[in-house]
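As structure tokens, the structure follows; a few thoughts come after it.
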Amino acid sequence: MSHAPTALHGNHACALGAIAAGCRFFAGYPITPSSEVAEHMSRELPHVDGTFIQMEDEIASLAACIGASLGGVKTMTATSGPGFSLMQENLGYAAMTETPCVIINVMRGGPSTGMPTRPAQGDIMQARWGTHGDHPVIVVAPASVQEVYTQTIRAFNLAEEFRTPVIVLYDEIVAHLMETVSLPAKGKAEVKDRKWATGAEVGFMPYAETDDLVPVMSRPGDGHRVHVTGLTHTPDGFPTQKPELADRALRRLVDKIELNRDRIDEVEEIETADADILVVAVGIVARAARRAVEMLRAEGVKAGLLRPVTLWPFPEAQVRNAAERASVIVVPEMNTGQLSLEIERLAGRGKRIRTIHRIDGEPIGPDEIAQTIREA
Amino acid sequence: MNEMVRTLEPFEIKDYLRLQLMPHFMCPGCGHGIALRALLWAVHELAIDKNKLAIVSGIGCSGRVGAYIDANTFHTTHGRPLAFATGLKLARPDLTVVVITGDGDCLAIGGNHLIHACRRNLDLTCLMLNNEVYGMTGGQVSPTTSANRLTTTTPGGNAEPTFDACKLAEAAGASFVGREVTRQAMALKNVIRDGIAHPGFSFIEAISDCTEIYGRKNDLGESPEMILSQKSDMRPEAFGNVADEPFRPNRLVTGILAKQARPEYGAAYRDYAVRVKSKPGRPR
Amino acid sequence: MSSPVKSKGARPKTKAGSDTAAEPAGEPVKPARAGGNILIVGVGGQGVLMIAKVVALLAQKQGYQVKQSEVHGMAKRGGIVFSHVRYGPEVWSPTIVKGEADALIALEWAEGLRWLDHLKHEGVFIADTRRIVPPFACRSRKAGAPINYAKETPADIVSRVADGFALDASTIAEGFGDARAANTVLLGVLSASLAYPEADWLEVIEASVPPKSRDINRNAFAAGREWALAARANPTLRFDSSITSYEAPAGLLQPKITLEINAAWCKGCDICVKLCPERCLALNAEQVAVLKSPDACTGCHICEWLCPDFAISIRTSHPEPVTA
Ligand SMILES: Cc1ncc(C[n+]2csc(CCOP(=O)(O)OP(=O)(O)O)c2C)c(N)n1
Ligand code: SF4
Ligand code: SF4
Ligand code: SF4
Ligand SMILES: [Mg+2]
């Protein structure tokens with residue numbers, strides 16, 4: 001793989017990653033601080049015979065993406081808090097109908113219109129639980145421009161492999177940060193495609209229970225005339241209200257993510273092997289945490305960092321493991337306590353947990369984290 | 001009737017239905033079934049390959065109709081089928097995409113998508129089944145409920161003004177607009193057929209009867225009485241322009257109400273892409 | 001309205017049903033120096049107005065004053081169309097009163113019969129035998145049912161008028177590639193009754209038709225003229241004696257109608273029962289539609305189209321026509 005280093009903004013890297021991953025349809029609605037993703041996609045897509053459309057709102061944007069994906073094309077939309085809220089119903093539809101699509105959510109200060117140009121991490125829980133009902137979802141949380149690029153590609157691959165919506169969650173700082181990234185040569189990125197039916201299968205079931213629990217998808221026009229519905233459905237695609245069939249259908253949705261975690265999980269661990277003080281952080285905050293860990297290690301403190309790169313499903317085993325060895329866990333985050341809820345749940349009784357919450361639109365710096373660790 | 005139509009095999013609705021799901025779930029006498037027949041009949045006359053037909057529907061009794069069609073069927077979210085269809089058609093211009101929606105689905109929750117779909121003029125056909133009520137949720141008022149009608153949320157009679165959906169669509173730029181009653185099944189078929197054949201966004205309103213809920217609540221008679229009254233309630237197009245003395249008061253005009261040649265958006269975007277591609281000095 | 005053309009008083013025996021047969025005249029009618037009254041009748045889409053225009057132009061060419069009036073409408077739907085052409089040294093009224101037409105040209109058989117009372121006793125009657133049966137002439141909605149429509153045969157009529165010609169102009173025109181040129185065939189027939197130069201006829205016809213159909217019209221005119229001259233010489237050729245009856249060949253074309261009701265799909269909504277124009281359906285005790293009087297069913301499809309549950313299907317099969 002040859003790498004060409006380039007300086008890019010996070011949102012630009014996102015668009016380039018999407019194109020490299022094979023995204024050929026983008027529908028979106030402008031919102032700070034994600035708009036540049038749409039702007040770059042509008043320029044890139046015509047050159048690769050793709051389609052860009054600015055829809056009338058975010059509901060329509062995700063709907064159009066799902067429509068295009070059902071047509072057989074890889075699709076993406078990008079938004080921020082208010083728009084992400086509007087997308088929730090269709091996000092659930094994509095999960096229920098097992099339609100691959102990628103949703104970029106660039107977090108800004110909330111609630112409501114909040115602080116459009118300031119960073120935040122207030123959507124960590126919404127990304128997981130924003131829609132109604134039980135549903136599986138995959139969320140990746142890049143922390144650098146390079147990672148925005150690679151994680152966007154990975155998001156597409158996960159979406160295709162597991163036929164699920166995948167959310168790429170980063171914040172305003174990463175979106176507008178300019179960093180040097182190395183891009184693989186054209187066509188050299190590792191790209192995965194969903195399993196396609198040939199159209200010749202006899203007795204094809206659009207939601208059949210396959211070995212890895214991910215059904216084979218049929219492209220309209222290829223011969224299987226299937227039904228797609230957000231109603232709870234049986235393997236033949238048609239609605240059911242029979243308790244045992246509904247249970248089976250919904251459990252498969254959850255299981256196809258849970259039972260394939262070895263292909264989904266990704267965490268970054270820095271000096272956690274002997275860490276007595278474990279910092280758990282995501283996204284931009286993890287970068288500050290990493291610096292804090294380095295500072296403290298220099299001071300002789302056994303600090304370590306665990307950063308979920310795949311944020312959802314949450315890396316429970318990895319967190320439990322690292323937490324077991326540590327006496328104190330520090331959780332810095334730009335919200336009033338979302339990641340820390342997960343840590344509290346996993347750390348086990350009696351574990352000391354120190355949290356740092358910032359909701360003033362300012363990032364959490366290394367000193368602030370280091371100070372908390374020192375006091376821990 | 002044109003030549004192509006005449007040389008076709010006779011229309012057998014069973015060729016277009018998912019027989020394993022029949023009989024369908026709709027109430028006795030529900031007009032949505034008649035509209036479904038008209039749609040399938042139009043598809044037959046246009047000799048559209050079922051594999052290349054995509055039906056995108058919203059939520060409501062109207063939205064459930066799509067599942068019975070032996071084609072690529074997408075039952076989406078309430079009010080959003082036009083947005084789903086927009087993505088599907090842009091990604092797959094080779095498919096014939098027909099949206100089935102209801103008066104609530106299309107004009108209330110989905111009203112914004114409707115006006116923008118009309119404006120874009122993408123080659124979609126939107127078939128709105130107007131029964132003046134929210135049938136699926138048990139009979140609440142809708143944007144097309146006639147004045148003084150009883151619904152579960154207008155227990156004293158509807159006081160809200162209504163939409164003329166066809167005027168709305170035309171004003172928003174739909175390049176084909178038509179309306180027909182289910183009573184005139186063949187005429188409805190013709191309007192749908194012409195709408196699907198029209199290159200651009202076609203909006204077709206089918207006046208349908210919600211017999212079980214709306215009919216009962218308002219004492220509009222049994223199914224036959226309801227469908228018979230459609231005829232006298234509607235004015236043929238020829239009388240539509242008699243401004244001061246309508247044929248029947250307070251009623252809508254039927255037929256093809258607007259047709260204009262406007263650039264189809266999918267083709268326009270693809271042309272744009274060709275132009276952009278051929279320009280040197282591509283912006284990065 | 002005062003007419004400059006005085007009625008001759010005596011009513012010509014031209015009414016259908018009149019039993020006084022006239023001897024067909026052997027010689028072409030010489031147009032009176034005073035001018036002429038030509039009545040052209042038919043239904044929408046046949047080209048009545050084209051004939052009227054040609055006659056008017058022709059008369060103008062002979063130096064006459066011309067007045068033409070017309071009624072047309074429902075052009076595409078078989079509605080009635082007629083035109084009066086009056087010409088002479090001086091013409092006041094544009095319409096021809098009963099019994100004053102020198103020539104009656106009918107593009108449709110029944111229309112010709114309807115207007116017979118406008119023809120002068122010695123006037124010339126020229127008609128296409130092709131019939132266009134209007135919907136209101138159907139007494140029963142069953143396919144192939146007898147129709148309430150003029151049953152007089154060409155032989156009946158031609159023997160009843162002084163100077164009659166009945167020919168299948170549409171078929172002749174079809175032979176030249178366009179049935180719509182039947183009107184020009186009839187002009188050819190008329191030309192044999194009016195002593196104007198053939199070249200004048202052709203000139204005005206060419207001026208009245210689109211350039212690309214000139215050849216067809218020239219041929220159609222020549223064929224009509226030739227047929228008329230032959231018929232004048234031999235009165236047995238004045239009508240097609242093979243047409244002995246216009247009664248429908250009873251039963252022969254009755255299509256077979258099969259109406260099937262899928263009881264498993266029927267929800268007993270009653271729509272088909274109440275909307276069948278022949279009232280041949282009913283709901284049985286289980287509230288399922290049944291065909292109560294199959295003989296009354298016309299196969300109109302209304303029940304099939306309006307059944308919200310697709311429970312009715314109608315198939316109509318046409319038996320092969322019996323060929324000797
Ligand atoms: C977001 C959302 N809100 C509300 C509903 C509930 N709902 C289902 S169908 C319907 C109304 C359907 O009315 P209409 O579009 O007129 O269709 P009909 O049933 O009359 O054919 C509503 C409000 C829903 N499914 N989703
Ligand atoms: S509730 Fe009304 S609209 Fe819905 S199926 Fe019944 S009759 Fe039709
Ligand atoms: S219209 Fe159809 S469903 Fe209704 S009674 Fe007749 S056959 Fe039965
Ligand atoms: S086809 Fe149906 S509606 Fe027509 S006459 Fe026969 S039974 Fe009656
Ligand atoms: Mg409704």
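By order of appearance in the structure tokens: chains A, B, ..., then residues from 1 within every chain, and ligands from 1 in the order shown.
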
With only C-alpha atoms and all ligand atoms counted, collect every polymer residue having an atom within 7 Å of ligand 1; state the result as a count of residues only.
23

Can I get the residues close to ligand 3 as number ranges by chain, where close means within 9 Å and we count only C-alpha atoms and all ligand atoms?
B: 28-29, 223-224; C: 261-263, 265-275, 281-283, 287-290, 303-312

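When only C-alpha atoms and all ligand atoms are used to measure the gap to ligand 5, the shortest distance among B:Pro10, B:Gly33, B:Pro161, B:Gly138 belongs to B:Gly138.
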
All residues 10 Å or closer to Glu333 in chain A, only C-alpha atoms, same chain fewer than 3 positions away omitted, as a CSV table (one decimal) with all heavy atoms, in the first residue's frame:
```
chain,number,residue,atom,x,y,z
A,120,ALA,N,-18.6,18.9,21.6
A,120,ALA,CA,-19.3,18.3,22.7
A,120,ALA,C,-19.2,16.8,22.5
A,120,ALA,O,-18.9,16.3,21.4
A,120,ALA,CB,-20.7,18.8,22.8
A,121,GLN,N,-19.6,16.0,23.5
A,121,GLN,CA,-19.8,14.6,23.4
A,121,GLN,C,-21.1,14.2,23.9
A,121,GLN,O,-21.2,13.1,24.6
A,121,GLN,CB,-18.6,13.9,24.1
A,121,GLN,CG,-17.2,14.1,23.4
A,121,GLN,CD,-16.1,13.3,24.0
A,121,GLN,OE1,-16.1,13.2,25.3
A,121,GLN,NE2,-15.2,12.8,23.2
A,122,GLY,N,-22.1,15.0,23.7
A,122,GLY,CA,-23.4,14.8,24.3
A,122,GLY,C,-24.2,13.7,23.6
A,122,GLY,O,-25.3,13.4,24.1
A,124,ILE,N,-23.3,10.5,22.8
A,124,ILE,CA,-22.8,9.2,23.0
A,124,ILE,C,-23.9,8.2,23.2
A,124,ILE,O,-24.0,7.1,22.6
A,124,ILE,CB,-21.7,9.1,24.1
A,124,ILE,CG1,-20.4,9.8,23.7
A,124,ILE,CG2,-21.5,7.7,24.6
A,124,ILE,CD1,-19.4,9.9,24.8
A,280,VAL,N,-10.4,6.1,30.8
A,280,VAL,CA,-11.2,5.6,29.6
A,280,VAL,C,-11.8,6.9,29.0
A,280,VAL,O,-12.4,7.7,29.7
A,280,VAL,CB,-12.3,4.7,30.1
A,280,VAL,CG1,-13.1,4.2,28.8
A,280,VAL,CG2,-11.8,3.5,30.8
A,281,ALA,N,-11.5,7.1,27.7
A,281,ALA,CA,-11.9,8.3,27.0
A,281,ALA,C,-12.1,8.0,25.5
A,281,ALA,O,-11.5,7.0,25.0
A,281,ALA,CB,-10.9,9.4,27.2
A,282,VAL,N,-13.0,8.8,24.9
A,282,VAL,CA,-13.2,8.6,23.5
A,282,VAL,C,-13.0,9.9,22.7
A,282,VAL,O,-13.0,11.0,23.3
A,282,VAL,CB,-14.6,8.1,23.1
A,282,VAL,CG1,-14.9,6.7,23.6
A,282,VAL,CG2,-15.7,9.1,23.6
A,283,GLY,N,-12.7,9.7,21.4
A,283,GLY,CA,-12.6,10.9,20.5
A,283,GLY,C,-11.5,11.9,20.9
A,283,GLY,O,-10.5,11.5,21.4
A,284,ILE,N,-11.8,13.1,20.8
A,284,ILE,CA,-10.9,14.2,21.0
A,284,ILE,C,-10.4,14.2,22.4
A,284,ILE,O,-9.2,14.5,22.7
A,284,ILE,CB,-11.4,15.6,20.6
A,284,ILE,CG1,-10.4,16.6,20.6
A,284,ILE,CG2,-12.6,16.0,21.5
A,284,ILE,CD1,-9.3,16.5,19.5
A,285,VAL,N,-11.2,13.8,23.4
A,285,VAL,CA,-10.8,13.8,24.8
A,285,VAL,C,-9.7,12.8,25.0
A,285,VAL,O,-8.8,12.9,25.8
A,285,VAL,CB,-12.1,13.6,25.7
A,285,VAL,CG1,-11.6,13.5,27.2
A,285,VAL,CG2,-13.1,14.6,25.5
A,286,ALA,N,-9.8,11.7,24.3
A,286,ALA,CA,-8.8,10.6,24.4
A,286,ALA,C,-7.4,11.1,24.0
A,286,ALA,O,-6.4,10.6,24.5
A,286,ALA,CB,-9.2,9.4,23.6
A,330,VAL,N,-10.5,6.8,35.7
A,330,VAL,CA,-10.8,8.2,35.4
A,330,VAL,C,-11.5,8.3,34.1
A,330,VAL,O,-11.1,7.7,33.1
A,330,VAL,CB,-9.5,9.0,35.4
A,330,VAL,CG1,-9.8,10.5,35.1
A,330,VAL,CG2,-8.8,8.9,36.8
A,336,THR,N,-22.4,15.5,30.7
A,336,THR,CA,-22.6,15.4,32.2
A,336,THR,C,-22.5,14.0,32.7
A,336,THR,O,-22.9,13.7,33.8
A,336,THR,CB,-23.9,16.0,32.6
A,336,THR,OG1,-25.0,15.5,31.8
A,336,THR,CG2,-23.9,17.5,32.4
A,337,GLY,N,-22.1,13.1,31.8
A,337,GLY,CA,-21.9,11.7,32.3
A,337,GLY,C,-22.6,10.7,31.5
A,337,GLY,O,-23.8,10.3,31.8
A,338,GLN,N,-22.0,10.2,30.4
A,338,GLN,CA,-22.6,9.2,29.6
A,338,GLN,C,-21.7,8.0,29.5
A,338,GLN,O,-22.1,6.9,29.8
A,338,GLN,CB,-22.9,9.8,28.2
A,338,GLN,CG,-23.9,10.9,28.2
A,338,GLN,CD,-24.4,11.4,26.9
A,338,GLN,OE1,-24.3,10.7,25.9
A,338,GLN,NE2,-25.0,12.5,26.9
A,339,LEU,N,-20.4,8.2,29.1
A,339,LEU,CA,-19.5,7.1,29.1
A,339,LEU,C,-19.3,6.6,30.5
A,339,LEU,O,-19.2,5.4,30.6
A,339,LEU,CB,-18.1,7.7,28.6
A,339,LEU,CG,-17.0,6.8,28.2
A,339,LEU,CD1,-17.5,5.8,27.1
A,339,LEU,CD2,-15.8,7.6,27.7
A,340,SER,N,-19.3,7.5,31.4
A,340,SER,CA,-19.1,7.0,32.8
A,340,SER,C,-20.2,6.1,33.3
A,340,SER,O,-19.9,5.2,34.1
A,340,SER,CB,-19.0,8.2,33.8
A,340,SER,OG,-20.1,9.1,33.6
A,355,THR,N,-14.7,11.2,37.6
A,355,THR,CA,-15.2,11.7,36.3
A,355,THR,C,-14.8,13.1,36.1
A,355,THR,O,-14.7,13.9,37.1
A,355,THR,CB,-16.7,11.5,36.1
A,355,THR,OG1,-17.3,12.2,37.2
A,355,THR,CG2,-17.1,10.0,36.2
A,356,ILE,N,-14.7,13.5,34.9
A,356,ILE,CA,-14.5,14.9,34.5
A,356,ILE,C,-15.6,15.3,33.5
A,356,ILE,O,-15.7,14.6,32.5
A,356,ILE,CB,-13.1,15.2,33.9
A,356,ILE,CG1,-12.0,14.7,34.8
A,356,ILE,CG2,-12.9,16.7,33.6
A,356,ILE,CD1,-10.6,14.7,34.2
A,357,HIS,N,-16.4,16.2,33.8
A,357,HIS,CA,-17.4,16.6,32.8
A,357,HIS,C,-17.3,18.1,32.4
A,357,HIS,O,-17.2,18.9,33.3
A,357,HIS,CB,-18.8,16.4,33.5
A,357,HIS,CG,-19.0,15.0,34.0
A,357,HIS,ND1,-19.0,13.9,33.1
A,357,HIS,CD2,-19.2,14.5,35.2
A,357,HIS,CE1,-19.2,12.8,33.9
A,357,HIS,NE2,-19.3,13.2,35.1
A,358,ARG,N,-17.3,18.3,31.2
A,358,ARG,CA,-17.3,19.7,30.7
A,358,ARG,C,-18.4,19.9,29.7
A,358,ARG,O,-18.5,19.1,28.7
A,358,ARG,CB,-15.9,20.0,30.0
A,358,ARG,CG,-15.1,20.9,30.8
A,358,ARG,CD,-14.0,21.4,30.0
A,358,ARG,NE,-14.1,22.9,30.0
A,358,ARG,CZ,-13.0,23.7,30.2
A,358,ARG,NH1,-11.8,23.2,30.4
A,358,ARG,NH2,-13.2,25.0,30.2
A,359,ILE,N,-19.2,20.9,29.9
A,359,ILE,CA,-20.3,21.1,29.0
A,359,ILE,C,-20.3,22.6,28.6
A,359,ILE,O,-21.4,23.1,28.2
A,359,ILE,CB,-21.7,20.7,29.6
A,359,ILE,CG1,-21.8,21.3,31.0
A,359,ILE,CG2,-21.8,19.2,29.6
A,359,ILE,CD1,-23.2,21.2,31.5
A,363,PRO,N,-12.8,22.2,25.1
A,363,PRO,CA,-12.3,20.9,25.3
A,363,PRO,C,-11.7,20.6,26.6
A,363,PRO,O,-11.3,21.6,27.3
A,363,PRO,CB,-11.2,20.8,24.2
A,363,PRO,CG,-10.9,22.2,23.9
A,363,PRO,CD,-12.1,23.1,24.2
A,364,ILE,N,-11.6,19.4,27.0
A,364,ILE,CA,-10.9,19.0,28.2
A,364,ILE,C,-9.4,18.8,27.9
A,364,ILE,O,-9.0,18.1,26.9
A,364,ILE,CB,-11.5,17.7,28.8
A,364,ILE,CG1,-12.9,17.9,29.1
A,364,ILE,CG2,-10.7,17.2,30.0
A,364,ILE,CD1,-13.7,16.6,29.5
```

Please, which residues of chain A lie no more than 7 Å from chain B when the count uses only C-alpha atoms, and can they be set out as a PyMOL selection string?
chain A and resi 46-47+56+60+63-68+71+73+220-223+225-230

How far is it from CA of Ile38 in chain C to CA of Ala169 in chain C, in Å with one decimal?
18.7 Å

Considering only C-alpha atoms, extract the chain B residues located within 9 Å of chain C and return them as a VMD selection string.
chain B and resid 10 12 to 14 22 to 24 26 to 38 182 to 186 222 to 225 227 to 228

Contacts of range 175-177 of chain B at 6 Å or less, counting only C-alpha atoms, minus same-chain residues fewer than 2 places along, as a PyMOL selection string?
chain B and resi 173+201-204+257-260

Considering only C-alpha atoms, return as a short mmCIF file (atom, residue, chain, number, x, y, z; two decimals) with N, CA and C atoms, in the first residue's frame whatever protein or nucleic-acid residues lie within 12 Å of range 112-117 of chain C, sequence-local ones (same chain, fewer than 6 positions apart) excluded.
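Output file out_13.cif follows:
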```cif
data_model
loop_
_atom_site.label_atom_id
_atom_site.label_comp_id
_atom_site.auth_asym_id
_atom_site.auth_seq_id
_atom_site.Cartn_x
_atom_site.Cartn_y
_atom_site.Cartn_z
N ARG C 11 -94.69 17.99 -51.83
CA ARG C 11 -93.69 17.27 -51.06
C ARG C 11 -93.16 16.10 -51.87
N PRO C 12 -91.89 16.00 -52.05
CA PRO C 12 -91.37 14.84 -52.77
C PRO C 12 -91.53 13.60 -51.91
N LYS C 13 -91.66 12.51 -52.58
CA LYS C 13 -91.83 11.26 -51.82
C LYS C 13 -90.46 10.70 -51.51
N THR C 14 -89.87 11.32 -50.55
CA THR C 14 -88.51 10.92 -50.23
C THR C 14 -88.39 10.30 -48.86
N LYS C 15 -89.42 10.38 -48.12
CA LYS C 15 -89.32 9.88 -46.75
C LYS C 15 -89.10 8.39 -46.72
N ALA C 16 -88.22 7.97 -45.85
CA ALA C 16 -88.03 6.53 -45.70
C ALA C 16 -89.39 5.93 -45.35
N GLY C 17 -89.73 4.87 -45.96
CA GLY C 17 -91.01 4.25 -45.66
C GLY C 17 -92.05 4.58 -46.72
N SER C 18 -91.78 5.63 -47.49
CA SER C 18 -92.70 5.94 -48.59
C SER C 18 -92.62 4.81 -49.61
N ILE C 38 -76.72 21.72 -52.26
CA ILE C 38 -76.09 20.43 -51.98
C ILE C 38 -76.05 20.24 -50.46
N LEU C 39 -76.58 19.12 -50.01
CA LEU C 39 -76.61 18.82 -48.57
C LEU C 39 -75.67 17.64 -48.30
N ILE C 40 -74.75 17.84 -47.39
CA ILE C 40 -73.77 16.79 -47.08
C ILE C 40 -73.96 16.42 -45.61
N VAL C 41 -74.15 15.14 -45.33
CA VAL C 41 -74.40 14.71 -43.95
C VAL C 41 -73.51 13.53 -43.58
N GLY C 42 -73.27 13.38 -42.29
CA GLY C 42 -72.44 12.26 -41.82
C GLY C 42 -72.24 12.39 -40.33
N VAL C 43 -71.22 11.73 -39.84
CA VAL C 43 -70.90 11.85 -38.41
C VAL C 43 -69.47 12.34 -38.29
N ILE C 80 -73.26 13.93 -34.84
CA ILE C 80 -73.80 14.25 -36.17
C ILE C 80 -73.19 15.53 -36.71
N VAL C 81 -72.84 15.48 -37.99
CA VAL C 81 -72.27 16.65 -38.66
C VAL C 81 -73.00 16.81 -39.99
N PHE C 82 -73.40 18.02 -40.32
CA PHE C 82 -73.97 18.23 -41.66
C PHE C 82 -73.61 19.61 -42.16
N SER C 83 -73.66 19.74 -43.48
CA SER C 83 -73.32 21.02 -44.07
C SER C 83 -74.22 21.30 -45.28
N HIS C 84 -74.69 22.52 -45.35
CA HIS C 84 -75.50 22.95 -46.49
C HIS C 84 -74.62 23.81 -47.38
N ILE C 96 -80.77 24.99 -46.53
CA ILE C 96 -81.63 24.36 -47.53
C ILE C 96 -82.89 23.88 -46.81
N VAL C 97 -84.04 24.27 -47.31
CA VAL C 97 -85.26 23.82 -46.65
C VAL C 97 -85.63 22.44 -47.17
N LYS C 98 -86.51 21.79 -46.46
CA LYS C 98 -86.93 20.43 -46.82
C LYS C 98 -87.39 20.38 -48.28
N GLY C 99 -87.00 19.34 -48.97
CA GLY C 99 -87.47 19.12 -50.33
C GLY C 99 -86.77 19.97 -51.37
N GLU C 100 -85.71 20.70 -50.99
CA GLU C 100 -85.07 21.60 -51.94
C GLU C 100 -83.63 21.22 -52.29
N ALA C 101 -83.15 20.12 -51.75
CA ALA C 101 -81.76 19.77 -52.05
C ALA C 101 -81.67 19.11 -53.42
N ASP C 102 -80.73 19.62 -54.23
CA ASP C 102 -80.51 19.00 -55.53
C ASP C 102 -79.70 17.72 -55.38
N ALA C 103 -78.91 17.71 -54.34
CA ALA C 103 -78.13 16.50 -54.10
C ALA C 103 -77.98 16.30 -52.59
N LEU C 104 -78.12 15.05 -52.18
CA LEU C 104 -77.89 14.69 -50.77
C LEU C 104 -76.75 13.69 -50.75
N ILE C 105 -75.67 14.07 -50.09
CA ILE C 105 -74.51 13.19 -50.03
C ILE C 105 -74.37 12.73 -48.59
N ALA C 106 -74.46 11.42 -48.38
CA ALA C 106 -74.41 10.88 -47.03
C ALA C 106 -73.16 10.04 -46.85
N GLY C 123 -83.96 14.97 -57.18
CA GLY C 123 -82.59 15.15 -56.69
C GLY C 123 -81.78 13.86 -56.67
N VAL C 124 -80.47 14.04 -56.60
CA VAL C 124 -79.60 12.86 -56.61
C VAL C 124 -79.22 12.49 -55.17
N PHE C 125 -79.31 11.20 -54.87
CA PHE C 125 -78.97 10.69 -53.53
C PHE C 125 -77.70 9.85 -53.67
N ILE C 126 -76.69 10.21 -52.91
CA ILE C 126 -75.41 9.49 -52.98
C ILE C 126 -75.02 9.10 -51.55
N ALA C 127 -74.83 7.82 -51.31
CA ALA C 127 -74.53 7.42 -49.93
C ALA C 127 -73.48 6.33 -49.86
N ASP C 128 -72.68 6.45 -48.80
CA ASP C 128 -71.74 5.36 -48.46
C ASP C 128 -72.57 4.34 -47.68
N THR C 129 -72.45 3.07 -48.02
CA THR C 129 -73.26 2.06 -47.32
C THR C 129 -72.65 1.67 -45.98
N ARG C 130 -71.46 2.17 -45.68
CA ARG C 130 -70.81 1.86 -44.41
C ARG C 130 -71.63 2.46 -43.27
N ARG C 131 -71.90 1.65 -42.23
CA ARG C 131 -72.74 2.13 -41.14
C ARG C 131 -71.92 2.37 -39.88
N ILE C 132 -72.21 3.45 -39.22
CA ILE C 132 -71.56 3.71 -37.93
C ILE C 132 -72.67 3.75 -36.90
N TYR C 149 -81.45 0.38 -35.23
CA TYR C 149 -80.72 1.21 -36.18
C TYR C 149 -81.29 0.95 -37.56
N ALA C 150 -81.23 1.97 -38.41
CA ALA C 150 -81.83 1.88 -39.75
C ALA C 150 -81.52 0.54 -40.41
N LYS C 151 -82.57 -0.15 -40.78
CA LYS C 151 -82.36 -1.48 -41.36
C LYS C 151 -82.54 -1.48 -42.86
N GLU C 152 -82.95 -0.32 -43.44
CA GLU C 152 -83.18 -0.28 -44.88
C GLU C 152 -81.91 -0.64 -45.63
N THR C 153 -82.05 -1.49 -46.63
CA THR C 153 -80.88 -1.89 -47.42
C THR C 153 -80.70 -0.89 -48.56
N PRO C 154 -79.53 -0.88 -49.16
CA PRO C 154 -79.31 0.00 -50.32
C PRO C 154 -80.38 -0.22 -51.39
N ASP C 156 -83.48 -1.07 -50.99
CA ASP C 156 -84.71 -0.40 -50.56
C ASP C 156 -84.70 1.06 -50.95
N ILE C 157 -83.59 1.72 -50.62
CA ILE C 157 -83.55 3.17 -50.76
C ILE C 157 -83.39 3.59 -52.20
N VAL C 158 -82.47 2.95 -52.88
CA VAL C 158 -82.20 3.38 -54.25
C VAL C 158 -83.45 3.22 -55.11
N ARG C 160 -86.32 3.68 -54.08
CA ARG C 160 -87.32 4.59 -53.57
C ARG C 160 -87.10 6.04 -54.05
N VAL C 161 -85.84 6.37 -54.37
CA VAL C 161 -85.56 7.74 -54.81
C VAL C 161 -85.40 7.79 -56.33
N ALA C 162 -85.46 9.03 -56.86
CA ALA C 162 -85.44 9.18 -58.31
C ALA C 162 -84.08 8.83 -58.90
N GLY C 164 -80.72 7.47 -57.27
CA GLY C 164 -79.93 7.08 -56.11
C GLY C 164 -78.68 6.29 -56.45
N PHE C 165 -77.67 6.50 -55.63
CA PHE C 165 -76.42 5.75 -55.76
C PHE C 165 -75.97 5.33 -54.36
N ALA C 166 -75.69 4.05 -54.16
CA ALA C 166 -75.19 3.60 -52.85
C ALA C 166 -73.99 2.70 -53.08
#
```
